[in-house]
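Structure data (mmCIF, C-alpha atoms) from start_10.cif:
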```cif
data_run
loop_
_atom_site.group_PDB
_atom_site.id
_atom_site.type_symbol
_atom_site.label_atom_id
_atom_site.label_comp_id
_atom_site.auth_asym_id
_atom_site.auth_seq_id
_atom_site.Cartn_x
_atom_site.Cartn_y
_atom_site.Cartn_z
ATOM 1 C CA VAL A 1 272.272 192.643 34.826
ATOM 2 C CA ALA A 2 276.000 191.816 34.818
ATOM 3 C CA SER A 3 276.161 192.455 38.565
ATOM 4 C CA GLU A 4 273.120 190.280 39.332
ATOM 5 C CA SER A 5 273.436 186.666 40.384
ATOM 6 C CA GLY A 6 272.998 184.362 37.385
ATOM 7 C CA GLY A 7 273.090 187.346 35.001
ATOM 8 C CA ILE A 8 269.361 188.069 35.403
ATOM 9 C CA THR A 9 267.591 191.006 37.039
ATOM 10 C CA GLN A 10 266.438 189.966 40.502
ATOM 11 C CA HIS A 11 265.297 193.245 42.023
ATOM 12 C CA ILE A 12 262.894 196.042 41.197
ATOM 13 C CA GLY A 13 264.766 199.101 40.048
ATOM 14 C CA ALA A 14 263.722 202.501 38.800
ATOM 15 C CA TYR A 15 265.381 204.981 36.491
ATOM 16 C CA GLU A 16 264.461 207.997 34.412
ATOM 17 C CA VAL A 17 264.972 208.873 30.758
ATOM 18 C CA GLU A 18 264.633 212.351 29.259
ATOM 19 C CA ARG A 19 262.892 212.554 25.891
ATOM 20 C CA ASP A 20 261.704 215.710 24.122
ATOM 21 C CA GLY A 21 262.049 217.726 27.351
ATOM 22 C CA ARG A 22 259.894 215.265 29.279
ATOM 23 C CA THR A 23 260.788 212.595 31.806
ATOM 24 C CA ILE A 24 259.792 208.944 31.580
ATOM 25 C CA THR A 25 260.281 206.903 34.739
ATOM 26 C CA PHE A 26 260.867 203.204 34.216
ATOM 27 C CA ILE A 27 260.224 200.583 36.848
ATOM 28 C CA ASP A 28 262.381 197.627 35.904
ATOM 29 C CA THR A 29 261.006 194.320 37.141
ATOM 30 C CA PRO A 30 262.616 190.920 36.663
ATOM 31 C CA GLY A 31 261.410 189.033 33.608
ATOM 32 C CA HIS A 32 262.475 185.590 34.808
ATOM 33 C CA GLU A 33 259.575 183.285 35.650
ATOM 34 C CA LEU A 34 260.646 182.980 39.315
ATOM 35 C CA PHE A 35 259.868 186.638 40.039
ATOM 36 C CA SER A 36 256.101 186.774 39.558
ATOM 37 C CA THR A 37 255.419 188.698 42.777
ATOM 38 C CA LEU A 38 257.849 191.474 41.850
ATOM 39 C CA ARG A 39 256.226 191.867 38.414
ATOM 40 C CA SER A 40 252.817 192.090 40.050
ATOM 41 C CA ARG A 41 254.045 194.777 42.474
ATOM 42 C CA GLY A 42 255.497 196.765 39.588
ATOM 43 C CA ALA A 43 252.192 196.652 37.699
ATOM 44 C CA LYS A 44 250.292 198.039 40.687
ATOM 45 C CA VAL A 45 252.295 201.292 40.643
ATOM 46 C CA ALA A 46 252.783 201.781 36.891
ATOM 47 C CA ASP A 47 250.777 203.932 34.494
ATOM 48 C CA LEU A 48 251.832 201.947 31.402
ATOM 49 C CA ALA A 49 253.613 198.655 30.882
ATOM 50 C CA VAL A 50 256.245 197.698 28.364
ATOM 51 C CA ILE A 51 256.036 193.952 27.913
ATOM 52 C CA VAL A 52 259.337 192.814 26.496
ATOM 53 C CA VAL A 53 259.404 189.676 24.344
ATOM 54 C CA ALA A 54 262.708 188.368 23.017
ATOM 55 C CA ALA A 55 262.559 188.019 19.229
ATOM 56 C CA ASP A 56 264.790 184.951 19.395
ATOM 57 C CA GLU A 57 262.780 183.149 22.110
ATOM 58 C CA GLY A 58 259.175 184.222 21.529
ATOM 59 C CA VAL A 59 256.320 184.247 24.007
ATOM 60 C CA LYS A 60 257.213 182.523 27.267
ATOM 61 C CA PRO A 61 255.045 181.671 30.312
ATOM 62 C CA GLN A 62 256.224 184.880 32.014
ATOM 63 C CA THR A 63 255.043 186.845 28.964
ATOM 64 C CA VAL A 64 251.578 185.340 29.319
ATOM 65 C CA GLU A 65 251.685 186.115 33.027
ATOM 66 C CA ALA A 66 252.712 189.749 32.368
ATOM 67 C CA LEU A 67 249.809 190.100 29.922
ATOM 68 C CA ARG A 68 247.454 188.699 32.575
ATOM 69 C CA ILE A 69 248.820 191.064 35.240
ATOM 70 C CA ALA A 70 248.387 194.044 32.893
ATOM 71 C CA ALA A 71 244.778 193.015 32.212
ATOM 72 C CA GLU A 72 244.019 192.485 35.912
ATOM 73 C CA ASN A 73 245.353 195.955 36.720
ATOM 74 C CA ASP A 74 243.647 197.608 33.721
ATOM 75 C CA LEU A 75 247.120 198.694 32.672
ATOM 76 C CA PRO A 76 247.646 199.890 29.091
ATOM 77 C CA TYR A 77 250.732 198.320 27.541
ATOM 78 C CA VAL A 78 253.114 198.250 24.620
ATOM 79 C CA ILE A 79 254.908 195.202 23.280
ATOM 80 C CA ALA A 80 258.650 195.646 22.801
ATOM 81 C CA ILE A 81 259.983 192.886 20.563
ATOM 82 C CA ASN A 82 263.608 192.898 21.704
ATOM 83 C CA LYS A 83 266.847 191.366 20.418
ATOM 84 C CA ILE A 84 266.008 191.983 16.761
ATOM 85 C CA ASP A 85 269.758 192.241 16.114
ATOM 86 C CA LYS A 86 270.294 188.527 16.800
ATOM 87 C CA PRO A 87 270.565 186.266 13.738
ATOM 88 C CA GLU A 88 267.886 183.905 15.059
ATOM 89 C CA ALA A 89 265.416 186.762 15.739
ATOM 90 C CA ASN A 90 261.931 186.210 14.335
ATOM 91 C CA PRO A 91 259.626 189.153 15.181
ATOM 92 C CA GLU A 92 256.872 187.771 12.955
ATOM 93 C CA ARG A 93 256.767 184.582 15.035
ATOM 94 C CA VAL A 94 256.417 186.739 18.170
ATOM 95 C CA ARG A 95 253.407 188.538 16.658
ATOM 96 C CA GLN A 96 251.847 185.180 15.720
ATOM 97 C CA GLU A 97 252.409 183.781 19.219
ATOM 98 C CA LEU A 98 250.890 186.921 20.751
ATOM 99 C CA ALA A 99 247.843 186.520 18.478
ATOM 100 C CA HIS A 100 247.548 182.934 19.747
ATOM 101 C CA GLU A 101 247.311 184.488 23.259
ATOM 102 C CA SER A 102 244.530 186.840 22.012
ATOM 103 C CA VAL A 103 246.866 189.833 21.881
ATOM 104 C CA LEU A 104 246.524 191.479 18.493
ATOM 105 C CA VAL A 105 249.215 194.041 17.753
ATOM 106 C CA GLU A 106 248.414 196.911 15.421
ATOM 107 C CA SER A 107 250.072 195.251 12.414
ATOM 108 C CA TYR A 108 247.647 192.341 12.927
ATOM 109 C CA GLY A 109 244.606 194.635 13.018
ATOM 110 C CA GLY A 110 244.573 194.995 16.801
ATOM 111 C CA LYS A 111 244.988 197.922 19.147
ATOM 112 C CA ILE A 112 248.200 196.962 20.933
ATOM 113 C CA PRO A 113 251.256 198.927 19.772
ATOM 114 C CA ALA A 114 254.410 196.907 19.154
ATOM 115 C CA VAL A 115 257.927 198.151 18.450
ATOM 116 C CA GLU A 116 260.844 196.046 17.260
ATOM 117 C CA VAL A 117 263.932 197.053 19.237
ATOM 118 C CA SER A 118 267.404 196.051 20.224
ATOM 119 C CA ALA A 119 268.049 197.326 23.727
ATOM 120 C CA LYS A 120 271.693 196.300 23.455
ATOM 121 C CA ALA A 121 272.322 198.121 20.171
ATOM 122 C CA GLY A 122 269.832 200.941 20.874
ATOM 123 C CA THR A 123 267.899 200.210 17.677
ATOM 124 C CA HIS A 124 264.447 201.880 17.588
ATOM 125 C CA MET A 125 264.611 202.852 21.276
ATOM 126 C CA ASP A 126 263.689 206.431 20.316
ATOM 127 C CA ASP A 127 260.553 205.064 18.655
ATOM 128 C CA LEU A 128 259.628 203.216 21.845
ATOM 129 C CA LEU A 129 260.168 206.310 24.002
ATOM 130 C CA SER A 130 258.097 208.467 21.633
ATOM 131 C CA LEU A 131 255.322 205.892 21.726
ATOM 132 C CA LEU A 132 255.312 205.881 25.533
ATOM 133 C CA LEU A 133 255.010 209.672 25.609
ATOM 134 C CA LEU A 134 252.168 209.537 23.101
ATOM 135 C CA LEU A 135 250.314 206.930 25.155
ATOM 136 C CA GLY A 136 250.858 209.032 28.285
ATOM 137 C CA ASP A 137 249.204 211.957 26.488
ATOM 138 C CA VAL A 138 246.337 209.817 25.221
ATOM 139 C CA HIS A 139 245.637 208.489 28.730
ATOM 140 C CA HIS A 140 246.044 211.966 30.275
ATOM 141 C CA PHE A 141 248.518 210.996 32.980
ATOM 142 C CA THR A 142 249.167 214.059 35.111
ATOM 143 C CA ALA A 143 250.938 214.984 38.313
ATOM 144 C CA HIS A 144 250.647 217.881 40.724
ATOM 145 C CA PRO A 145 254.195 219.063 41.481
ATOM 146 C CA GLU A 146 252.975 221.691 43.965
ATOM 147 C CA ASP A 147 251.586 218.984 46.294
ATOM 148 C CA PRO A 148 253.650 217.098 48.889
ATOM 149 C CA GLY A 149 255.235 213.969 47.466
ATOM 150 C CA GLN A 150 253.279 210.720 47.696
ATOM 151 C CA GLY A 151 254.466 207.397 46.413
ATOM 152 C CA VAL A 152 255.496 203.864 47.147
ATOM 153 C CA VAL A 153 258.541 202.001 48.352
ATOM 154 C CA LEU A 154 259.639 199.732 45.524
ATOM 155 C CA GLU A 155 262.442 197.964 47.342
ATOM 156 C CA THR A 156 264.626 198.214 50.440
ATOM 157 C CA GLU A 157 268.183 197.107 51.019
ATOM 158 C CA ARG A 158 270.530 196.845 53.988
ATOM 159 C CA ASP A 159 274.116 197.781 53.273
ATOM 160 C CA ASN A 160 276.728 197.194 55.983
ATOM 161 C CA ARG A 161 278.371 200.570 55.256
ATOM 162 C CA ARG A 162 275.432 202.806 54.326
ATOM 163 C CA GLY A 163 272.680 201.262 56.425
ATOM 164 C CA ILE A 164 269.147 200.806 55.165
ATOM 165 C CA SER A 165 268.285 202.383 51.834
ATOM 166 C CA ALA A 166 265.118 202.326 49.773
ATOM 167 C CA THR A 167 264.095 202.832 46.174
ATOM 168 C CA LEU A 168 261.055 205.110 46.189
ATOM 169 C CA LEU A 169 258.690 206.032 43.384
ATOM 170 C CA VAL A 170 257.034 209.423 43.786
ATOM 171 C CA ARG A 171 253.603 208.990 42.174
ATOM 172 C CA ASP A 172 252.413 212.556 42.669
ATOM 173 C CA GLY A 173 253.688 215.792 44.150
ATOM 174 C CA THR A 174 257.303 216.624 44.870
ATOM 175 C CA LEU A 175 259.773 215.152 47.348
ATOM 176 C CA GLN A 176 262.628 217.511 48.220
ATOM 177 C CA LYS A 177 265.768 217.279 50.299
ATOM 178 C CA GLY A 178 264.881 217.854 53.952
ATOM 179 C CA HIS A 179 261.312 216.554 53.669
ATOM 180 C CA THR A 180 260.175 213.986 56.204
ATOM 181 C CA LEU A 181 259.089 210.583 54.931
ATOM 182 C CA VAL A 182 256.200 208.729 56.501
ATOM 183 C CA ILE A 183 255.801 205.117 55.473
ATOM 184 C CA GLY A 184 252.638 203.302 56.473
ATOM 185 C CA ARG A 185 250.518 204.974 59.147
#
```
Rewrite the coordinates I just gave you, this time as structure tokens.
Amino acid sequence: VASESGGITQHIGAYEVERDGRTITFIDTPGHELFSTLRSRGAKVADLAVIVVAADEGVKPQTVEALRIAAENDLPYVIAINKIDKPEANPERVRQELAHESVLVESYGGKIPAVEVSAKAGTHMDDLLSLLLLLGDVHHFTAHPEDPGQGVVLETERDNRRGISATLLVRDGTLQKGHTLVIGR
């Protein structure tokens, strides 16, 4: 974020995390309200969503929009109540505001898992990763590594020195060095 204009994420990015010998791929979409289209694109290629709500700010219009996008795409999700390390953090208020939006987390008798985290301090991030793996198992997400790679282009960029580059998400199969990419028809 420090390198982004205005200190907010403005592009879709992807990265992987290893946990218990398994890989979780994250698609990072901007949370700022101006980037609705990018959030929608991210939801169309994801298996699960992590909807991040700041414990010091509560539910915002973009939170409501992310919940709507998840519902429209029949996308299972987890609530990550972030910034619990801040003095003004109020996770209970976040749960109440989510209930007002008809989102009942498990501690409120609902079915939506919620984890209190501090991304900055790393607090409870292992719990969040374990939960994502568990949900992946419950929903039986599988891939076929023996098949040719198939996926989507998340974002492209033109660099004056390197030329055009793209961030790709392989949804199934395997993409190896030397393979030919076909985009579109």
To test your reading of the syntax: which residues would the PyMOL selection byres ((chain A and resi 126-136) around 10) return for the file shown? Reply as a ChimeraX atom specification.
/A:17-20,22-24,47-50,76-80,113-117,122-125,137-142
Taking only C-alpha atoms into account, name the residue in A:Ile27, A:Leu67, A:Leu154, A:Ala166 that is nearest to Leu104 (chain A).
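For Leu104 (chain A), the nearest of the given residues is A:Leu67.
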When the PyMOL selection byres ((chain A and resi 81-89) around 6) is applied to the structure above, which residues does it catch, written out as a VMD selection string?
chain A and resid 52 to 56 80 90 116 to 118
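Using only C-alpha atoms, the nearest neighbour of Thr180 (chain A) within the list A:Pro148, A:Thr156, A:Ala99, A:Glu16 is A:Pro148.
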Residues near region 149-152 of chain A, anyone? I mean within 6 Å using all atoms listed in the file, not counting same-chain ones fewer than 4 positions away, as a list in words.
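My reading of the contact set: Leu168, Leu169, Val170, Arg171, Asp172, Gly173, Thr174 and Leu175 of chain A.
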Just give me the gap between CA of Glu57 (chain A) and CA of Leu75 (chain A) in Å, one decimal is fine.
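Separating CA of Glu57 (chain A) from CA of Leu75 (chain A) is a distance of 24.5 Å.
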One decimal place gives the CA of Thr25 (chain A)-CA of Val153 (chain A) separation as 14.6 Å
In Å and to one decimal, CA of Asp147 (chain A) is distant from CA of Gln176 (chain A) by 11.3 Å
Pick from A:Pro91, A:Gly21, A:Glu97, A:Val45: nearest to Lys60 (chain A), with only C-alpha atoms counted?
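With only C-alpha atoms as the atom set, the closest residue is A:Glu97.
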